[in-house]
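Worksheet: the structure to be examined is printed underneath.
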2 protein chains.
Amino acid sequence: MGSQMQRRFGAIEAGGTKFVCAVGDESGHILTESRFPTTDPSTTLAAMIDTLRKQRAECGPFAAIGLGSFGPIELNPASAHHGCILDTPKPGWTGVDVAGALEHEFGVPVAFDTDVNAAALAEHRWGSCQDIEDLVYITVGTGIGGGALVAGRRVHGLMHPEMGHLLARRHPLDVGFSGVCPFHADCYEGLASGPAIVARSGAQLESLAADHPQWEIEADYLGQLCTQLVFALSPRRIVLGGGVMNHARLFPAIRRRVQYWLGGYVRREELQSGLDAYLVPPNLGAQAGIRGALALALEISARET
Amino acid sequence: MGSQMQRRFGAIEAGGTKFVCAVGDESGHILTESRFPTTDPSTTLAAMIDTLRKQRAECGPFAAIGLGSFGPIELNPASAHHGCILDTPKPGWTGVDVAGALEHEFGVPVAFDTDVNAAALAEHRWGSCQDIEDLVYITVGTGIGGGALVAGRRVHGLMHPEMGHLLARRHPLDVGFSGVCPFHADCYEGLASGPAIVARSGAQLESLAADHPQWEIEADYLGQLCTQLVFALSPRRIVLGGGVMNHARLFPAIRRRVQYWLGGYVRREELQSGLDAYLVPPNLGAQAGIRGALALALEISARET
């Protein structure tokens, strides 16, 4: 099929620190992509609309749009707030209807989910988890979030998972740090997100020596989190993405802590000698999020036609 | 339809302390039920077969059999150990093929799952969760286990959830107790199961005064566990069953601790003023397990015909 006949899809990754707008095609290929910082809602939504208009002029009209958003967001179609950002500590963003703004402007179906559920979907469709139906995708960056597929379906339930807020157990070298989560202080997001690292150590991970205890503390908390998710959800694989996970040396350290915290329970090959293939980086790398948004657009388009 | 025309289904709840064998019909009604203690595997399996033979003579042949079992058990149909009990601290039980014994004896389809996934299914089909598709069922007794439905499907993944083994955070009044889990010492099963209560306090919950700290400690751990599951799985309801939960006064105390641990995050009506309807006892009471086994039998029978 010639490229003129290919349908185009809008994709937006709405993150806490940056927005990515892109156009993709049915095969999952991204044709054009543009990013800008997340500021106040009206400036940010105006930039989003403006960027997508230009991209549409360049690539052609959208058959549908997909949005992967920071949360919490309202996924319940029966709610009056469907598509809105829910109570968030991010100033001004509570109640903002990102999906509604897209629908109003472009008049095409808009599919949305959390950024991490979208990334889980992309890894399942095109990335590291094409062979399985049960997976968890965790991002470690400005915050910590997790999305999941169970039997191939994204987990929503009452709202959507908020995996970064599971209760952490304190590392013995970390008793003095209060944690940065405004709700729980010392949940995993409060103890192991990028801002937590800076608040504790006064520096980003990359500027700390290889023997700085921060590395061990970080690996321990993320190992704990993965272990808790094994017990709660029993995924067949856990994908760890986000800025902090660009430090590849965290992976072997996290795997060791997972074995420690499992304590010999769940005696599965995958969780012992197979751990290198169980805890993995996203095969789509930093594109997991935007490709996830594209996957959402493809899904709603397939449903509507 | 006359009762002669109704099909009969075998149902077994294989628990760590007792086995329940029953015969039920398509409407979920239990016609006859019999129980005996769980001892060594050969004695226990012989008693199971003998009981079911007598029940079959009484009620008629089985169209299918359902088994809800203590875990860990192998649910993967591709495994050579499909249907077997996996590594368990229970002496002699590792590798025992309960489902295979039933298939061999009765020659009908045998469906099986964990006791808690089966109970979750029963509560969804006939109990407290007929209106929702996303739920968690937790049992607190000899051990602590949890099963879940996500979008109406039982969660399996790599193995099946082992929710009792999530990492607990110590209650300030409970720093001296080491916990009873042979794998993790102080996971929720190690700190809040029936045996943990006895090991800590030297008595069952019912013999302790209403102001004994054990009550507060128990409610706190179970409140923590429910909160962690809200963050990990976002269920629309959590059902708490098992012997320990027969103490109805635990429910309001657990609900208070859930609100404490949520810390104002996930601002949903259901988790605030609606908590009485969110954290509930099983509507099927002590029958949740055996009715769950019956539900498994009905499901496999519907699939095969």
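Residue numbering restarts at 1 for every chain of the structure tokens, chains are lettered A, B, ... in their displayed order, and ligands are numbered from 1 as they appear.
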At a cut-off of 6 Å, using only C-alpha atoms, what residues contact range 189-200 of chain B? Leave out same-chain residues fewer than 5 positions from it and give the result as a PyMOL selection string. chain B and resi 140-144+164+179-181+218
After superposing chain B onto chain A (least squares, all C-alpha atoms, pairing by order), export the transformed chain as a compact mmCIF listing (two decimals) with C-alpha atoms, in the first residue's frame.
```
# COMPACT_ATOMS: atom_id res chain seq x y z
CA MET B 1 0.05 -0.03 0.10
CA GLY B 2 1.41 3.39 -0.93
CA SER B 3 2.08 5.96 1.75
CA GLN B 4 -0.72 8.20 0.41
CA MET B 5 -3.21 5.49 1.32
CA GLN B 6 -1.90 5.00 4.85
CA ARG B 7 -3.98 6.44 7.63
CA ARG B 8 -2.40 8.83 10.12
CA PHE B 9 -2.84 8.88 13.87
CA GLY B 10 -2.11 11.60 16.40
CA ALA B 11 -0.22 10.55 19.53
CA ILE B 12 0.41 12.55 22.71
CA GLU B 13 2.52 11.59 25.67
CA ALA B 14 1.44 13.99 28.42
CA GLY B 15 4.13 13.80 31.06
CA GLY B 16 4.67 15.69 34.26
CA THR B 17 7.78 17.41 32.89
CA LYS B 18 7.31 17.28 29.11
CA PHE B 19 4.69 16.74 26.44
CA VAL B 20 5.50 14.79 23.28
CA CYS B 21 3.26 15.17 20.22
CA ALA B 22 3.65 12.89 17.25
CA VAL B 23 2.03 11.44 14.15
CA GLY B 24 2.28 7.73 13.41
CA ASP B 25 0.98 5.17 10.99
CA GLU B 26 -0.75 1.81 11.26
CA SER B 27 2.52 -0.10 11.44
CA GLY B 28 3.58 1.75 14.59
CA HIS B 29 6.07 3.95 12.78
CA ILE B 30 6.45 7.55 14.05
CA LEU B 31 6.54 10.04 11.13
CA THR B 32 7.14 13.25 13.05
CA GLU B 33 7.62 14.10 16.68
CA SER B 34 7.91 17.28 18.71
CA ARG B 35 8.32 17.98 22.43
CA PHE B 36 7.96 20.91 24.82
CA PRO B 37 8.01 21.37 28.60
CA THR B 38 4.87 20.92 30.72
CA THR B 39 4.02 24.28 32.32
CA ASP B 40 0.60 25.62 33.34
CA PRO B 41 -2.40 23.89 31.71
CA SER B 42 -3.54 26.65 29.34
CA THR B 43 -0.05 27.27 27.91
CA THR B 44 0.61 23.55 27.65
CA LEU B 45 -2.72 22.65 26.01
CA ALA B 46 -2.34 25.56 23.54
CA ALA B 47 1.13 24.30 22.61
CA MET B 48 -0.26 20.77 22.22
CA ILE B 49 -3.05 21.89 19.86
CA ASP B 50 -0.73 24.15 17.89
CA THR B 51 1.89 21.40 17.49
CA LEU B 52 -0.67 18.82 16.38
CA ARG B 53 -2.23 21.23 13.88
CA LYS B 54 1.16 21.77 12.26
CA GLN B 55 1.86 18.04 12.28
CA ARG B 56 -1.52 17.39 10.68
CA ALA B 57 -0.77 19.93 7.95
CA GLU B 58 2.51 18.13 7.34
CA CYS B 59 1.36 14.49 7.50
CA GLY B 60 -2.36 14.48 6.77
CA PRO B 61 -5.58 14.23 8.81
CA PHE B 62 -5.84 11.95 11.82
CA ALA B 63 -8.05 8.87 11.81
CA ALA B 64 -7.89 8.87 15.61
CA ILE B 65 -5.79 10.26 18.45
CA GLY B 66 -4.19 8.45 21.38
CA LEU B 67 -3.17 10.08 24.64
CA GLY B 68 -1.01 8.59 27.37
CA SER B 69 -1.20 10.89 30.35
CA PHE B 70 0.33 11.44 33.76
CA GLY B 71 -2.21 10.63 36.44
CA PRO B 72 -4.36 10.28 38.24
CA ILE B 73 -6.86 10.48 35.37
CA GLU B 74 -10.51 9.52 35.05
CA LEU B 75 -10.88 6.46 32.83
CA ASN B 76 -14.46 5.61 33.70
CA PRO B 77 -16.64 6.37 30.64
CA ALA B 78 -19.68 6.79 32.91
CA SER B 79 -18.09 9.66 34.85
CA ALA B 80 -18.76 13.34 34.10
CA HIS B 81 -14.99 13.83 34.48
CA HIS B 82 -14.09 11.19 31.90
CA GLY B 83 -10.73 12.17 30.42
CA CYS B 84 -9.86 14.70 33.12
CA ILE B 85 -6.79 14.85 35.31
CA LEU B 86 -7.92 14.09 38.87
CA ASP B 87 -6.58 15.51 42.14
CA THR B 88 -2.90 16.08 41.54
CA PRO B 89 -0.28 17.99 43.48
CA LYS B 90 0.69 19.58 40.12
CA PRO B 91 -0.49 23.22 40.43
CA GLY B 92 -3.51 24.06 38.27
CA TRP B 93 -3.88 20.66 36.66
CA THR B 94 -6.67 19.17 38.78
CA GLY B 95 -9.80 18.82 36.62
CA VAL B 96 -8.07 19.67 33.32
CA ASP B 97 -9.73 17.85 30.41
CA VAL B 98 -6.85 17.02 28.07
CA ALA B 99 -8.79 14.42 26.07
CA GLY B 100 -11.78 16.77 25.72
CA ALA B 101 -9.54 19.51 24.32
CA LEU B 102 -8.30 17.09 21.65
CA GLU B 103 -11.79 15.86 20.77
CA HIS B 104 -13.08 19.40 20.53
CA GLU B 105 -10.26 20.55 18.25
CA PHE B 106 -9.83 17.55 15.97
CA GLY B 107 -13.27 15.92 15.94
CA VAL B 108 -11.92 12.37 15.80
CA PRO B 109 -12.05 9.52 18.35
CA VAL B 110 -9.61 10.10 21.22
CA ALA B 111 -8.38 7.11 23.25
CA PHE B 112 -6.54 7.69 26.46
CA ASP B 113 -5.01 5.91 29.39
CA THR B 114 -2.20 6.46 31.86
CA ASP B 115 1.25 6.97 30.35
CA VAL B 116 2.39 3.70 31.92
CA ASN B 117 -0.58 1.62 30.75
CA ALA B 118 0.09 3.04 27.28
CA ALA B 119 3.78 2.12 27.52
CA ALA B 120 2.84 -1.40 28.68
CA LEU B 121 0.61 -1.70 25.61
CA ALA B 122 3.42 -0.53 23.29
CA GLU B 123 5.90 -2.99 24.77
CA HIS B 124 3.33 -5.73 24.27
CA ARG B 125 2.55 -4.71 20.70
CA TRP B 126 6.00 -3.85 19.38
CA GLY B 127 8.58 -4.24 22.15
CA SER B 128 9.94 -6.63 24.76
CA CYS B 129 6.65 -8.39 25.61
CA GLN B 130 5.19 -9.52 22.29
CA ASP B 131 5.25 -13.13 23.50
CA ILE B 132 3.26 -12.63 26.74
CA GLU B 133 -0.10 -11.28 27.89
CA ASP B 134 0.70 -10.50 31.55
CA LEU B 135 3.22 -7.77 32.20
CA VAL B 136 4.02 -4.75 34.30
CA TYR B 137 5.64 -1.57 32.97
CA ILE B 138 7.26 0.67 35.58
CA THR B 139 8.70 4.10 34.95
CA VAL B 140 11.19 5.67 37.33
CA GLY B 141 11.70 9.38 36.69
CA THR B 142 10.06 12.52 38.05
CA GLY B 143 7.69 10.09 39.75
CA ILE B 144 7.28 6.35 39.83
CA GLY B 145 4.32 4.82 38.06
CA GLY B 146 3.29 1.40 36.88
CA GLY B 147 0.89 0.03 34.30
CA ALA B 148 -0.13 -3.56 33.71
CA LEU B 149 -1.70 -5.94 31.27
CA VAL B 150 -3.52 -8.97 32.68
CA ALA B 151 -4.47 -11.56 30.07
CA GLY B 152 -3.71 -8.86 27.48
CA ARG B 153 -6.04 -6.26 28.99
CA ARG B 154 -4.96 -3.02 30.63
CA VAL B 155 -5.70 -2.88 34.35
CA HIS B 156 -8.15 -0.12 35.30
CA GLY B 157 -10.63 -1.21 37.98
CA LEU B 158 -11.72 1.55 40.33
CA MET B 159 -9.29 4.06 38.79
CA HIS B 160 -5.96 2.67 37.62
CA PRO B 161 -2.98 1.29 39.52
CA GLU B 162 -0.73 3.75 41.36
CA MET B 163 2.19 1.40 41.83
CA GLY B 164 4.68 4.07 42.88
CA HIS B 165 2.69 4.59 46.06
CA LEU B 166 3.06 1.08 47.48
CA LEU B 167 4.49 1.13 50.99
CA ALA B 168 8.26 0.77 51.04
CA ARG B 169 10.31 -0.86 53.71
CA ARG B 170 13.18 1.36 54.83
CA HIS B 171 16.69 0.54 53.75
CA PRO B 172 18.98 0.45 56.83
CA LEU B 173 21.22 3.16 55.30
CA ASP B 174 18.21 5.41 54.68
CA VAL B 175 16.58 5.91 58.05
CA GLY B 176 17.20 9.66 58.25
CA PHE B 177 15.58 10.71 54.95
CA SER B 178 11.93 11.70 55.18
CA GLY B 179 10.91 11.07 51.55
CA VAL B 180 9.36 13.45 49.02
CA CYS B 181 5.83 12.15 48.33
CA PRO B 182 3.33 14.82 49.47
CA PHE B 183 0.80 12.08 50.31
CA HIS B 184 2.85 9.27 51.83
CA ALA B 185 6.34 10.69 52.36
CA ASP B 186 8.13 7.37 52.11
CA CYS B 187 6.33 5.27 49.52
CA TYR B 188 8.52 4.13 46.58
CA GLU B 189 7.86 7.37 44.69
CA GLY B 190 8.82 9.28 47.82
CA LEU B 191 12.05 7.33 48.30
CA ALA B 192 13.26 6.28 44.85
CA SER B 193 12.03 8.77 42.21
CA GLY B 194 14.47 11.19 40.58
CA PRO B 195 13.50 14.05 42.97
CA ALA B 196 13.94 11.69 45.95
CA ILE B 197 17.49 10.90 44.84
CA VAL B 198 18.32 14.60 44.55
CA ALA B 199 16.66 15.43 47.89
CA ARG B 200 18.58 12.67 49.68
CA SER B 201 21.99 12.98 48.03
CA GLY B 202 22.02 16.54 46.71
CA ALA B 203 22.84 15.27 43.24
CA GLN B 204 21.55 13.25 40.31
CA LEU B 205 22.51 9.58 40.27
CA GLU B 206 25.02 10.08 37.41
CA SER B 207 27.18 12.45 39.45
CA LEU B 208 27.51 10.03 42.38
CA ALA B 209 30.50 7.69 42.67
CA ALA B 210 29.89 4.03 41.89
CA ASP B 211 30.33 3.11 45.56
CA HIS B 212 28.01 5.85 46.86
CA PRO B 213 25.30 4.21 49.03
CA GLN B 214 22.59 5.92 46.93
CA TRP B 215 23.06 3.30 44.22
CA GLU B 216 22.50 0.46 46.65
CA ILE B 217 19.51 2.21 48.24
CA GLU B 218 17.92 2.85 44.84
CA ALA B 219 18.40 -0.73 43.70
CA ASP B 220 16.95 -2.03 46.95
CA TYR B 221 13.75 0.04 46.74
CA LEU B 222 13.17 -0.84 43.11
CA GLY B 223 13.87 -4.50 43.88
CA GLN B 224 11.33 -4.34 46.71
CA LEU B 225 8.76 -2.76 44.39
CA CYS B 226 9.25 -5.43 41.72
CA THR B 227 8.96 -8.16 44.37
CA GLN B 228 5.72 -6.71 45.73
CA LEU B 229 4.33 -6.64 42.20
CA VAL B 230 5.31 -10.29 41.67
CA PHE B 231 3.28 -11.16 44.78
CA ALA B 232 0.32 -8.92 43.90
CA LEU B 233 0.03 -9.45 40.14
CA SER B 234 2.26 -12.36 39.15
CA PRO B 235 3.39 -10.78 35.85
CA ARG B 236 5.35 -12.83 33.32
CA ARG B 237 7.81 -9.97 32.86
CA ILE B 238 8.52 -6.54 34.37
CA VAL B 239 9.77 -3.72 32.13
CA LEU B 240 11.61 -0.90 33.90
CA GLY B 241 11.85 2.39 32.01
CA GLY B 242 12.11 6.12 32.68
CA GLY B 243 15.05 8.47 33.10
CA VAL B 244 16.52 6.87 36.22
CA MET B 245 16.58 3.45 34.52
CA ASN B 246 18.88 4.77 31.82
CA HIS B 247 21.60 3.80 34.31
CA ALA B 248 21.96 0.25 33.05
CA ARG B 249 24.01 -0.83 36.06
CA LEU B 250 20.88 -0.61 38.18
CA PHE B 251 19.44 -3.69 36.46
CA PRO B 252 21.79 -6.37 37.88
CA ALA B 253 21.62 -4.68 41.30
CA ILE B 254 17.79 -4.67 41.24
CA ARG B 255 17.73 -8.33 40.16
CA ARG B 256 19.89 -9.26 43.17
CA ARG B 257 17.51 -7.42 45.51
CA VAL B 258 14.48 -9.13 43.94
CA GLN B 259 16.05 -12.50 44.74
CA TYR B 260 16.74 -11.31 48.26
CA TRP B 261 13.18 -10.09 48.85
CA LEU B 262 11.54 -13.13 47.24
CA GLY B 263 13.32 -15.15 49.92
CA GLY B 264 13.20 -18.35 47.89
CA TYR B 265 9.41 -18.15 47.48
CA VAL B 266 7.86 -18.50 44.00
CA ARG B 267 10.43 -21.03 42.77
CA ARG B 268 10.23 -20.30 39.11
CA GLU B 269 13.07 -20.51 36.64
CA GLU B 270 12.03 -17.01 35.47
CA LEU B 271 12.69 -15.57 38.93
CA GLN B 272 15.97 -17.38 39.49
CA SER B 273 18.38 -18.08 36.62
CA GLY B 274 15.95 -16.38 34.22
CA LEU B 275 15.87 -13.05 36.00
CA ASP B 276 17.88 -11.31 33.25
CA ALA B 277 14.96 -11.93 30.90
CA TYR B 278 12.33 -11.18 33.56
CA LEU B 279 13.40 -7.67 34.61
CA VAL B 280 14.20 -5.83 31.42
CA PRO B 281 14.55 -2.33 29.97
CA PRO B 282 11.90 -1.26 27.45
CA ASN B 283 12.74 -2.55 24.00
CA LEU B 284 11.27 0.69 22.63
CA GLY B 285 13.51 2.73 24.95
CA ALA B 286 12.40 6.33 25.46
CA GLN B 287 9.80 5.83 22.70
CA ALA B 288 7.69 3.42 24.79
CA GLY B 289 5.42 6.27 25.94
CA ILE B 290 4.70 7.92 22.59
CA ARG B 291 4.37 4.57 20.80
CA GLY B 292 1.94 3.59 23.55
CA ALA B 293 -0.18 6.64 22.74
CA LEU B 294 -0.08 5.59 19.09
CA ALA B 295 -1.13 2.06 20.08
CA LEU B 296 -4.15 3.52 21.91
CA ALA B 297 -5.12 5.44 18.76
CA LEU B 298 -4.83 2.30 16.64
CA GLU B 299 -6.93 0.36 19.12
CA ILE B 300 -9.83 2.83 19.19
CA SER B 301 -9.68 3.19 15.43
CA ALA B 302 -9.90 -0.60 14.99
CA ARG B 303 -12.88 -0.69 17.34
CA GLU B 304 -14.75 2.05 15.53
CA THR B 305 -14.34 0.68 12.02
```
Helix (DSSP H, G or I) call set, DSSP backbone run, range 79-256 of chain A, as a ChimeraX atom specification: /A:98-106,115-126,163-165,172-174,188-192,194-201,205-207,213-233,243-246,250-256
Strand (DSSP E or B) call set, DSSP backbone run, range 50-295 of chain B, as a ChimeraX atom specification: /B:62-69,73,84-85,97,110-114,135-140,144-150,153-154,167,181,185,187,237-241,279-280
